[in-house]
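Structure below is protein-v1.cif: mmCIF, C-alpha atoms and all ligand atoms.
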```cif
data_query
loop_
_atom_site.label_atom_id
_atom_site.label_comp_id
_atom_site.auth_asym_id
_atom_site.auth_seq_id
_atom_site.Cartn_x
_atom_site.Cartn_y
_atom_site.Cartn_z
CA MET A 1 18.62 -39.03 -21.76
CA ASN A 2 16.43 -41.30 -19.66
CA VAL A 3 13.83 -39.65 -17.50
CA THR A 4 12.07 -41.43 -14.67
CA VAL A 5 8.61 -40.06 -14.03
CA GLY A 6 6.13 -41.82 -11.75
CA GLY A 7 8.49 -44.82 -11.48
CA LYS A 8 8.68 -45.31 -15.28
CA SER A 9 11.89 -44.64 -17.16
CA ARG A 10 12.13 -43.78 -20.85
CA HIS A 11 14.39 -41.91 -23.22
CA TYR A 12 13.49 -38.36 -24.25
CA ARG A 13 15.03 -35.76 -26.46
CA THR A 14 14.62 -32.15 -25.40
CA VAL A 15 13.24 -31.22 -28.82
CA ALA A 16 11.61 -33.37 -31.51
CA PHE A 17 9.49 -32.89 -34.62
CA ASP A 18 6.28 -34.58 -35.71
CA ALA A 19 6.42 -34.14 -39.49
CA GLY A 20 2.94 -35.63 -39.93
CA SER A 21 1.18 -33.01 -37.82
CA ASN A 22 3.86 -30.35 -38.49
CA GLU A 23 4.35 -29.76 -34.76
CA VAL A 24 7.48 -29.21 -32.70
CA LEU A 25 7.57 -31.19 -29.43
CA LEU A 26 9.32 -29.57 -26.50
CA ILE A 27 9.96 -30.45 -22.88
CA GLU A 28 8.31 -27.57 -20.94
CA GLN A 29 11.45 -26.52 -19.08
CA ARG A 30 9.80 -23.76 -17.06
CA LEU A 31 7.93 -26.40 -15.05
CA LEU A 32 10.97 -28.48 -14.14
CA PRO A 33 11.88 -29.90 -11.68
CA HIS A 34 8.33 -29.88 -10.32
CA GLU A 35 6.47 -31.22 -13.33
CA PHE A 36 7.55 -33.10 -16.48
CA LYS A 37 5.42 -32.18 -19.47
CA ILE A 38 5.75 -32.18 -23.27
CA VAL A 39 4.18 -29.31 -25.22
CA ARG A 40 3.55 -29.04 -28.96
CA THR A 41 3.85 -25.86 -31.03
CA LYS A 42 1.63 -25.76 -34.10
CA THR A 43 3.11 -22.86 -36.08
CA PHE A 44 6.57 -21.36 -36.54
CA LYS A 45 5.35 -18.25 -34.70
CA GLU A 46 4.35 -20.36 -31.70
CA THR A 47 7.76 -22.04 -31.91
CA ALA A 48 9.48 -18.64 -31.81
CA VAL A 49 7.41 -17.65 -28.78
CA ALA A 50 8.40 -20.92 -27.06
CA ILE A 51 12.05 -19.90 -27.54
CA THR A 52 11.50 -16.32 -26.32
CA ASP A 53 9.48 -17.44 -23.31
CA MET A 54 12.04 -20.13 -22.49
CA ILE A 55 9.76 -23.16 -22.67
CA VAL A 56 12.88 -24.41 -24.46
CA ARG A 57 16.27 -22.84 -23.71
CA GLY A 58 19.98 -23.58 -23.97
CA ALA A 59 22.08 -23.01 -27.08
CA GLY A 60 21.82 -26.38 -28.84
CA ALA A 61 18.18 -26.92 -27.89
CA ILE A 62 17.09 -23.56 -29.30
CA GLY A 63 19.28 -24.28 -32.35
CA ALA A 64 17.38 -27.50 -33.05
CA THR A 65 14.06 -25.81 -32.24
CA ALA A 66 14.80 -23.03 -34.72
CA ALA A 67 15.78 -25.61 -37.36
CA TYR A 68 12.51 -27.50 -36.81
CA GLY A 69 10.64 -24.16 -36.72
CA LEU A 70 12.07 -23.30 -40.13
CA ALA A 71 10.99 -26.70 -41.48
CA GLN A 72 7.57 -26.18 -39.87
CA GLY A 73 7.25 -22.78 -41.55
CA ALA A 74 8.37 -24.30 -44.88
CA GLN A 75 5.81 -27.11 -44.63
CA ALA A 76 3.00 -24.65 -43.84
CA PHE A 77 3.51 -22.82 -47.17
CA ARG A 78 0.76 -23.42 -49.73
CA GLY A 79 1.49 -22.96 -53.42
CA SER A 80 4.18 -23.75 -55.95
CA ASN A 81 5.75 -20.35 -56.63
CA VAL A 82 9.40 -20.73 -55.63
CA GLN A 83 10.01 -16.97 -55.32
CA LYS A 84 7.06 -16.47 -52.98
CA PHE A 85 8.19 -19.52 -51.02
CA SER A 86 11.68 -18.06 -50.69
CA ALA A 87 10.30 -14.72 -49.41
CA HIS A 88 8.19 -16.66 -46.90
CA ILE A 89 11.28 -18.56 -45.70
CA ASP A 90 13.09 -15.22 -45.21
CA ASP A 91 10.24 -14.12 -42.92
CA VAL A 92 10.27 -17.40 -40.98
CA PHE A 93 14.06 -17.16 -40.58
CA ASN A 94 13.88 -13.59 -39.27
CA VAL A 95 11.11 -14.33 -36.76
CA LEU A 96 13.01 -17.33 -35.34
CA LYS A 97 16.34 -15.49 -35.35
CA ALA A 98 14.88 -12.62 -33.31
CA ALA A 99 13.43 -14.99 -30.68
CA ARG A 100 16.66 -14.89 -28.63
CA PRO A 101 19.72 -12.96 -29.76
CA THR A 102 22.81 -14.14 -27.85
CA ALA A 103 23.14 -17.80 -28.82
CA VAL A 104 24.49 -18.30 -32.34
CA ASP A 105 23.25 -21.91 -32.68
CA PRO A 106 19.77 -20.97 -34.01
CA VAL A 107 21.31 -18.90 -36.80
CA ASN A 108 23.92 -21.56 -37.63
CA ALA A 109 21.22 -24.26 -37.57
CA MET A 110 18.86 -22.35 -39.85
CA LEU A 111 21.65 -21.42 -42.27
CA ASP A 112 22.47 -25.14 -42.51
CA VAL A 113 18.83 -25.95 -43.25
CA ARG A 114 18.62 -23.21 -45.89
CA ARG A 115 21.83 -24.35 -47.57
CA ILE A 116 20.49 -27.89 -47.86
CA MET A 117 17.03 -26.72 -49.01
CA ALA A 118 18.63 -24.74 -51.83
CA ALA A 119 19.37 -28.01 -53.65
CA GLY A 120 15.63 -28.54 -54.21
CA GLU A 121 14.07 -27.14 -57.36
CA SER A 122 10.37 -27.15 -56.51
CA VAL A 123 8.62 -25.97 -53.36
CA VAL A 124 7.71 -29.57 -52.51
CA GLU A 125 11.33 -30.69 -52.85
CA GLN A 126 12.57 -27.82 -50.69
CA GLN A 127 9.93 -28.56 -48.05
CA SER A 128 11.01 -32.16 -47.69
CA LEU A 129 14.71 -31.20 -47.71
CA ALA A 130 13.99 -28.70 -44.90
CA VAL A 131 12.50 -31.41 -42.68
CA ALA A 132 15.40 -33.79 -43.39
CA ALA A 133 17.99 -31.04 -42.74
CA ALA A 134 16.40 -30.02 -39.43
CA GLU A 135 16.39 -33.66 -38.34
CA GLU A 136 20.04 -33.92 -39.37
CA PHE A 137 20.94 -30.84 -37.28
CA ALA A 138 19.22 -32.34 -34.23
CA ASN A 139 20.98 -35.69 -34.69
CA GLU A 140 24.32 -33.96 -35.12
CA ASP A 141 23.80 -31.89 -31.98
CA ALA A 142 23.30 -35.08 -29.96
CA LYS A 143 26.29 -36.73 -31.67
CA HIS A 144 28.57 -33.74 -31.04
CA CYS A 145 27.68 -33.76 -27.35
CA ARG A 146 28.55 -37.47 -27.14
CA GLU A 147 31.87 -36.90 -28.93
CA LEU A 148 32.92 -33.90 -26.87
CA GLY A 149 31.89 -35.88 -23.80
CA GLU A 150 34.45 -38.57 -24.69
CA HIS A 151 37.22 -35.96 -24.99
CA GLY A 152 36.20 -34.13 -21.82
CA ALA A 153 35.88 -37.32 -19.75
CA LYS A 154 39.68 -37.70 -19.95
CA LEU A 155 39.96 -34.59 -17.76
CA ILE A 156 37.81 -36.07 -14.99
CA LYS A 157 39.71 -38.07 -12.38
CA ASN A 158 38.25 -40.14 -9.57
CA GLY A 159 37.29 -38.03 -6.57
CA MET A 160 37.20 -34.72 -8.44
CA ARG A 161 34.86 -31.92 -7.42
CA ILE A 162 33.58 -30.10 -10.49
CA LEU A 163 31.79 -26.75 -10.59
CA THR A 164 29.29 -25.98 -13.35
CA HIS A 165 27.22 -22.89 -14.03
CA CYS A 166 23.66 -22.60 -15.34
CA ASN A 167 22.44 -25.56 -17.39
CA ALA A 168 24.56 -26.81 -20.25
CA GLY A 169 23.16 -30.28 -19.76
CA TRP A 170 21.00 -32.39 -22.08
CA LEU A 171 18.09 -30.02 -21.50
CA ALA A 172 20.16 -27.29 -23.17
CA PHE A 173 20.80 -29.54 -26.19
CA VAL A 174 18.94 -32.27 -28.00
CA ASP A 175 20.56 -34.94 -25.85
CA PHE A 176 23.55 -35.63 -23.57
CA GLY A 177 24.65 -31.99 -23.00
CA SER A 178 27.90 -30.06 -23.39
CA ALA A 179 29.18 -29.25 -19.87
CA THR A 180 27.53 -32.46 -18.64
CA GLY A 181 28.75 -34.49 -21.65
CA PRO A 182 32.14 -35.23 -20.02
CA MET A 183 30.37 -36.03 -16.73
CA TYR A 184 27.97 -38.53 -18.29
CA ALA A 185 30.84 -40.13 -20.24
CA ALA A 186 33.01 -40.31 -17.08
CA GLN A 187 30.10 -41.88 -15.20
CA GLU A 188 29.77 -44.54 -17.94
CA GLN A 189 33.49 -45.25 -17.44
CA GLY A 190 32.81 -45.90 -13.74
CA LYS A 191 34.53 -42.76 -12.41
CA LYS A 192 33.31 -41.26 -9.14
CA PHE A 193 33.12 -37.48 -8.82
CA HIS A 194 31.01 -34.74 -7.25
CA VAL A 195 29.37 -31.78 -8.99
CA PHE A 196 28.63 -28.37 -7.52
CA CYS A 197 25.80 -26.67 -9.42
CA ASP A 198 25.78 -22.90 -9.22
CA GLU A 199 22.22 -21.90 -8.45
CA THR A 200 22.43 -19.38 -11.36
CA ARG A 201 20.18 -16.52 -10.47
CA PRO A 202 18.05 -14.93 -11.69
CA ARG A 203 16.29 -17.89 -13.39
CA SER A 204 18.05 -20.56 -11.33
CA GLN A 205 18.72 -23.01 -14.18
CA GLY A 206 21.47 -24.61 -12.07
CA ALA A 207 19.25 -25.20 -9.05
CA THR A 208 16.29 -26.38 -11.11
CA LEU A 209 17.48 -27.95 -14.37
CA THR A 210 21.08 -29.11 -13.81
CA ALA A 211 20.29 -30.45 -10.36
CA TRP A 212 17.23 -32.31 -11.73
CA GLU A 213 19.28 -33.80 -14.58
CA LEU A 214 22.09 -34.94 -12.31
CA ALA A 215 19.59 -36.40 -9.84
CA GLN A 216 17.90 -38.28 -12.72
CA GLN A 217 21.30 -39.70 -13.75
CA LYS A 218 22.30 -40.42 -10.15
CA ILE A 219 25.40 -38.22 -10.22
CA PRO A 220 26.32 -36.96 -6.72
CA HIS A 221 25.85 -33.20 -6.58
CA GLN A 222 25.00 -30.21 -4.42
CA ILE A 223 23.52 -26.84 -5.34
CA ILE A 224 25.52 -23.84 -4.14
CA ALA A 225 24.54 -20.18 -3.99
CA ASP A 226 26.17 -18.24 -6.81
CA ASN A 227 28.31 -16.38 -4.30
CA ALA A 228 29.69 -19.53 -2.64
CA ALA A 229 32.10 -20.65 -5.37
CA GLY A 230 34.94 -18.28 -4.37
CA HIS A 231 34.85 -19.54 -0.80
CA LEU A 232 34.93 -23.20 -1.89
CA MET A 233 37.78 -22.52 -4.32
CA GLN A 234 39.77 -20.76 -1.62
CA ARG A 235 39.35 -23.80 0.66
CA GLY A 236 40.52 -26.20 -2.05
CA GLU A 237 37.08 -27.78 -2.52
CA ILE A 238 36.77 -27.30 -6.29
CA ASP A 239 39.18 -29.05 -8.68
CA MET A 240 37.83 -28.03 -12.07
CA VAL A 241 35.15 -25.88 -13.71
CA ILE A 242 33.22 -26.97 -16.82
CA VAL A 243 30.64 -24.64 -18.35
CA GLY A 244 28.81 -24.39 -21.67
CA SER A 245 28.58 -21.49 -24.09
CA ASP A 246 25.95 -19.69 -26.11
CA ARG A 247 28.43 -18.23 -28.58
CA THR A 248 32.17 -18.84 -28.82
CA LEU A 249 34.15 -16.62 -31.14
CA GLY A 250 36.29 -18.72 -33.47
CA ARG A 251 38.58 -15.77 -34.21
CA THR A 252 39.34 -14.69 -30.62
CA GLY A 253 38.34 -17.58 -28.32
CA GLU A 254 35.99 -15.36 -26.30
CA VAL A 255 33.02 -17.15 -24.76
CA ALA A 256 29.53 -15.75 -24.17
CA ASN A 257 27.69 -17.74 -21.54
CA LYS A 258 25.12 -17.27 -18.77
CA ILE A 259 25.65 -14.20 -16.64
CA GLY A 260 28.11 -15.00 -13.84
CA THR A 261 30.40 -17.20 -15.95
CA TYR A 262 33.01 -14.43 -16.28
CA THR A 263 33.10 -14.02 -12.49
CA LYS A 264 33.74 -17.75 -12.05
CA ALA A 265 36.53 -17.69 -14.65
CA VAL A 266 38.28 -14.82 -12.82
CA LEU A 267 38.00 -16.74 -9.56
CA ALA A 268 39.30 -19.94 -11.17
CA VAL A 269 42.41 -18.17 -12.49
CA ARG A 270 43.03 -16.59 -9.08
CA HIS A 271 42.92 -20.09 -7.50
CA LYS A 272 44.77 -21.87 -10.36
CA ILE A 273 41.77 -24.10 -11.07
CA PRO A 274 41.34 -25.31 -14.68
CA PHE A 275 38.38 -23.66 -16.39
CA TYR A 276 36.92 -25.50 -19.41
CA VAL A 277 34.15 -24.60 -21.85
CA ALA A 278 32.35 -27.44 -23.67
CA ILE A 279 30.67 -26.77 -27.03
CA PRO A 280 29.31 -28.50 -30.12
CA LEU A 281 30.48 -26.97 -33.42
CA SER A 282 27.22 -25.05 -33.93
CA THR A 283 28.16 -22.76 -31.01
CA ILE A 284 31.16 -21.32 -32.86
CA ASP A 285 30.72 -17.91 -34.48
CA TRP A 286 33.41 -17.57 -37.14
CA ASN A 287 32.40 -14.04 -38.15
CA LEU A 288 32.50 -11.71 -35.17
CA LYS A 289 35.87 -10.15 -34.38
CA SER A 290 35.24 -9.04 -30.80
CA GLY A 291 33.25 -10.22 -27.79
CA PHE A 292 31.93 -6.67 -27.48
CA ASP A 293 30.00 -7.26 -30.72
CA ILE A 294 28.03 -10.18 -29.25
CA PRO A 295 24.40 -9.12 -28.72
CA ILE A 296 23.71 -9.56 -25.01
CA GLU A 297 20.08 -10.26 -24.24
CA GLU A 298 18.55 -7.98 -21.59
CA ARG A 299 15.69 -9.79 -19.89
CA HIS A 300 12.72 -8.56 -17.87
CA GLU A 301 13.48 -7.07 -14.46
CA SER A 302 10.89 -9.31 -12.79
CA GLU A 303 13.39 -12.19 -13.03
CA VAL A 304 15.77 -10.34 -10.71
CA LEU A 305 13.12 -8.84 -8.45
CA GLY A 306 11.52 -12.15 -7.58
CA ALA A 307 11.59 -15.86 -8.28
CA TRP A 308 9.40 -18.66 -9.63
CA GLY A 309 9.05 -21.90 -7.73
CA ALA A 310 6.65 -24.49 -6.41
CA VAL A 311 4.79 -23.60 -3.24
CA SER A 312 6.11 -25.59 -0.30
CA GLY A 313 2.75 -25.81 1.44
CA LEU A 314 4.13 -23.97 4.47
CA LYS A 315 1.96 -21.29 6.01
CA PHE A 316 3.23 -17.71 5.97
CA LYS A 317 1.39 -15.15 8.14
CA GLY A 318 -1.59 -17.47 8.30
CA GLN A 319 -1.85 -17.71 4.49
CA SER A 320 -1.12 -20.91 2.65
CA SER A 321 -1.11 -21.84 -1.03
CA LYS A 322 -1.78 -25.22 -2.56
CA LEU A 323 1.17 -27.59 -2.19
CA GLY A 324 3.22 -27.85 -5.37
CA GLU A 325 1.45 -24.98 -7.14
CA ARG A 326 3.80 -22.94 -9.35
CA ALA A 327 4.03 -19.38 -8.09
CA TYR A 328 6.06 -16.19 -8.45
CA VAL A 329 7.13 -14.46 -5.27
CA ARG A 330 8.39 -10.89 -5.12
CA VAL A 331 11.65 -10.85 -3.14
CA ALA A 332 12.98 -7.34 -3.73
CA ASN A 333 11.95 -4.02 -2.28
CA PRO A 334 8.61 -3.18 -4.00
CA THR A 335 9.66 0.28 -5.23
CA SER A 336 13.05 -0.77 -6.72
CA GLY A 337 13.78 -1.64 -10.34
CA ALA A 338 16.46 -3.99 -11.69
CA ARG A 339 18.94 -4.47 -14.53
CA ASN A 340 19.02 -7.97 -16.04
CA PRO A 341 21.73 -8.79 -18.63
CA GLY A 342 21.34 -12.51 -19.43
CA PHE A 343 24.91 -13.28 -20.51
CA ASP A 344 28.52 -12.15 -20.13
CA VAL A 345 31.68 -12.64 -22.14
CA THR A 346 34.76 -14.42 -20.77
CA PRO A 347 38.08 -13.48 -22.41
CA ALA A 348 40.20 -16.24 -23.95
CA GLU A 349 43.09 -15.83 -21.51
CA LEU A 350 40.92 -16.94 -18.58
CA ILE A 351 39.95 -20.22 -20.28
CA THR A 352 42.12 -23.35 -19.98
CA GLY A 353 40.55 -25.17 -22.92
CA ILE A 354 37.54 -25.50 -25.21
CA ILE A 355 36.19 -29.06 -25.28
CA THR A 356 34.77 -29.77 -28.75
CA PRO A 357 33.72 -32.89 -30.69
CA ALA A 358 37.07 -32.61 -32.51
CA GLY A 359 39.20 -32.50 -29.35
CA ILE A 360 40.28 -29.97 -26.72
CA PHE A 361 41.79 -26.70 -27.94
CA LYS A 362 43.29 -23.57 -26.40
CA PRO A 363 40.71 -20.82 -27.09
CA LYS A 364 43.20 -18.85 -29.18
CA ASP A 365 43.89 -21.95 -31.33
CA LEU A 366 40.31 -22.31 -32.60
CA TRP A 367 40.98 -20.19 -35.67
CA LYS A 368 44.09 -22.07 -36.77
CA ASN A 369 42.18 -25.35 -36.32
CA ARG A 370 39.11 -24.06 -38.16
CA ALA A 371 39.19 -26.75 -40.85
CA LYS A 372 38.98 -29.48 -38.17
CA LEU A 373 36.23 -27.50 -36.46
CA GLY A 374 33.90 -27.45 -39.43
CA PHE A 375 34.47 -23.90 -40.74
CA ILE A 376 33.51 -23.84 -44.41
O1 LIG A 401 19.12 -18.38 -20.77
P1 LIG A 401 19.41 -19.81 -21.08
O2 LIG A 401 18.99 -20.76 -20.02
O3 LIG A 401 18.98 -20.22 -22.45
O4 LIG A 401 20.98 -19.77 -21.10
C1 LIG A 401 21.71 -20.62 -21.81
C2 LIG A 401 22.42 -21.46 -20.85
O5 LIG A 401 21.83 -22.36 -20.31
C3 LIG A 401 23.78 -21.24 -20.50
O6 LIG A 401 24.32 -20.06 -20.84
C4 LIG A 401 24.57 -22.46 -20.87
O7 LIG A 401 25.66 -22.52 -20.06
C5 LIG A 401 24.98 -22.50 -22.30
S1 LIG A 401 23.77 -23.14 -23.29
C6 LIG A 401 24.42 -24.66 -23.60
#
```
Would you put the structure from the file into structure tokens?
Ligand code: MRU
Amino acid sequence: MNVTVGGKSRHYRTVAFDAGSNEVLLIEQRLLPHEFKIVRTKTFKETAVAITDMIVRGAGAIGATAAYGLAQGAQAFRGSNVQKFSAHIDDVFNVLKAARPTAVDPVNAMLDVRRIMAAGESVVEQQSLAVAAAEEFANEDAKHCRELGEHGAKLIKNGMRILTHCNAGWLAFVDFGSATGPMYAAQEQGKKFHVFCDETRPRSQGATLTAWELAQQKIPHQIIADNAAGHLMQRGEIDMVIVGSDRTLGRTGEVANKIGTYTKAVLAVRHKIPFYVAIPLSTIDWNLKSGFDIPIEERHESEVLGAWGAVSGLKFKGQSSKLGERAYVRVANPTSGARNPGFDVTPAELITGIITPAGIFKPKDLWKNRAKLGFI
């Protein structure tokens, strides 16, 4: 999407690859909305750390990053022994897969790259196929978001107030976004609507990333505290919910997404508000048979016990920090610990529809439509 920084506007992808220098280029998402910066990772191990540390985050974006990381690892191999190369690729795959466990997109992306690489006979051929396949995954991610956006935009009527959770915007993908895809498409069609962004504690991706994106695209929006959605629903101030997903089970229609999504789905059902999940095809897991089998990432307790932000420049007890400086503040009682599951699983019966590049489906109908949805 276009980003305006210092009065200049230009198009960026969240993730890109410089095949010449063998570096992955990433928007440093931990600094947003306070600073816009591109970082480069030089090795596949650095790329995996960038995923773990959430320089890049969001299902599609870490899928493309893992695909590029695999190509980066392939290109770094020296020698012509195909067996040794294959063992090296296994290692690269496993390091990138372990970087974050809940989203299935990195695994699906890397399996795609490996399948395409397998057509090459020599190491050199496989290396160049890996780069082309990673590029193809990234292009397809952007294309899928555009396509699902066109389907989802039909649900958005003038004057609607839409709730979204976390960031399933273009920053969570290569471009365009999943939950925001229908919003950007509806905006292009001239529709007027308002978005409520759940703040999304503990890392506040709604307050920081989604709000920044929507502000950049001039979509009217307000940030709400995570606990405010029920109140607004009860007062008739939310017409629809659209969220993303980190892993959607093709066999059951269950959806893993940022912690707090399940709570919003329960509330939406209670208030008869349609609850949609928007996904590209790489977010579908066709193997798992139960949402309880989805690995749920447990993150560090410091995320719950405090918060990162930019210093406001205000004085507190006579002390002041430099304006705009990024800082962590401890919020919680100093002697208490915390529990920090990153994701939850929403059952199929709470979901009105899954918005995909191939159309909108009832969650329980994904399996019977698997051929249309790219299951091979
Ligand atoms: O922990 P994150 O920020 O990587 O979490 C992923 C998400 O942003 C959300 O769960 C999102 O709704 C789905 S990713 C498109």
Checklist entry - ligand LIG 401 (chain A): which residues are within 7 Å, counting all atoms listed in the file, as an NGL selection string? => result :A and (54 or 57-60 or 165-169 or 172-173 or 178 or 205 or 243-246 or 257-258 or 342-343)
So which residues fall inside 10 Å of (14.1, -17.1, -42.6) if we count all atoms listed in the file? Mind giving them as an mmCIF file with C-alpha atoms, in the coordinates of the input?
```cif
data_model
loop_
_atom_site.group_PDB
_atom_site.id
_atom_site.type_symbol
_atom_site.label_atom_id
_atom_site.label_comp_id
_atom_site.auth_asym_id
_atom_site.auth_seq_id
_atom_site.Cartn_x
_atom_site.Cartn_y
_atom_site.Cartn_z
ATOM 1 C CA ALA A 66 14.800 -23.030 -34.720
ATOM 2 C CA GLY A 69 10.640 -24.160 -36.720
ATOM 3 C CA LEU A 70 12.070 -23.300 -40.130
ATOM 4 C CA GLY A 73 7.250 -22.780 -41.550
ATOM 5 C CA ALA A 74 8.370 -24.300 -44.880
ATOM 6 C CA SER A 86 11.680 -18.060 -50.690
ATOM 7 C CA ALA A 87 10.300 -14.720 -49.410
ATOM 8 C CA HIS A 88 8.190 -16.660 -46.900
ATOM 9 C CA ILE A 89 11.280 -18.560 -45.700
ATOM 10 C CA ASP A 90 13.090 -15.220 -45.210
ATOM 11 C CA ASP A 91 10.240 -14.120 -42.920
ATOM 12 C CA VAL A 92 10.270 -17.400 -40.980
ATOM 13 C CA PHE A 93 14.060 -17.160 -40.580
ATOM 14 C CA ASN A 94 13.880 -13.590 -39.270
ATOM 15 C CA VAL A 95 11.110 -14.330 -36.760
ATOM 16 C CA LEU A 96 13.010 -17.330 -35.340
ATOM 17 C CA LYS A 97 16.340 -15.490 -35.350
ATOM 18 C CA VAL A 107 21.310 -18.900 -36.800
ATOM 19 C CA MET A 110 18.860 -22.350 -39.850
ATOM 20 C CA LEU A 111 21.650 -21.420 -42.270
ATOM 21 C CA ARG A 114 18.620 -23.210 -45.890
#
```
Closest atom pairs, segment 71-173 of chain A residues within 12 Å of segment 20-37 of chain A, only C-alpha atoms, as a Markdown table:
```
| residue | atom | partner | partner_atom | distance |
| --- | --- | --- | --- | --- |
| A:Ala71 | CA | A:Asn22 | CA | 8.5 |
| A:Gln72 | CA | A:Asn22 | CA | 5.7 |
| A:Gly73 | CA | A:Asn22 | CA | 8.8 |
| A:Ala74 | CA | A:Asn22 | CA | 9.9 |
| A:Gln75 | CA | A:Asn22 | CA | 7.2 |
| A:Ala76 | CA | A:Asn22 | CA | 7.9 |
| A:Phe77 | CA | A:Asn22 | CA | 11.5 |
| A:Gln127 | CA | A:Asn22 | CA | 11.5 |
| A:Ser128 | CA | A:Gly20 | CA | 11.7 |
| A:Val131 | CA | A:Asn22 | CA | 9.7 |
| A:Ala134 | CA | A:Val24 | CA | 11.2 |
| A:Glu135 | CA | A:Val24 | CA | 11.4 |
| A:Asn167 | CA | A:Gln29 | CA | 11.2 |
| A:Trp170 | CA | A:Ile27 | CA | 11.2 |
| A:Leu171 | CA | A:Gln29 | CA | 7.9 |
| A:Ala172 | CA | A:Gln29 | CA | 9.7 |
| A:Phe173 | CA | A:Ile27 | CA | 11.4 |
```
Item to check | Option closest in space to Ala179 of chain A, from A:Thr4, A:Thr65, A:Thr164, A:Thr261 [counting all atoms listed in the file] | outcome: A:Thr164
Checklist entry - By how many Å are atom CA of Gly337 of chain A and atom CA of Glu199 of chain A apart? => result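 Between atom CA of Gly337 of chain A and atom CA of Glu199 of chain A the gap works out to 22.0 Å.
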Next on the checklist: List the spatial neighbours of Lys154 of chain A as a ChimeraX atom specification - criterion: any atom at most 12 Å away, all atoms listed in the file, same-chain residues fewer than 6 positions off excluded.
Outcome noted: /A:147-148,181-187,189,191,355,359-360
Item to check | Residue with smallest distance to Met240 of chain A - pool A:Phe17, A:Phe196, A:Trp308, A:Phe375, counting only C-alpha atoms | outcome: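 Nearest candidate to Met240 of chain A out of A:Phe17, A:Phe196, A:Trp308, A:Phe375: A:Phe196.
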Next on the checklist: Report, in Å with one decimal, the straight-line distance from atom CA of Thr346 of chain A to atom CA of Ala265 of chain A.
Outcome noted: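 Between atom CA of Thr346 of chain A and atom CA of Ala265 of chain A the gap works out to 7.2 Å.
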Item to check | All residues 10 Å or closer to Pro101 of chain A, all atoms listed in the file, same chain fewer than 2 positions away omitted, as a ChimeraX atom specification | outcome: /A:52,96-99,103-104,106-107,246,294-298
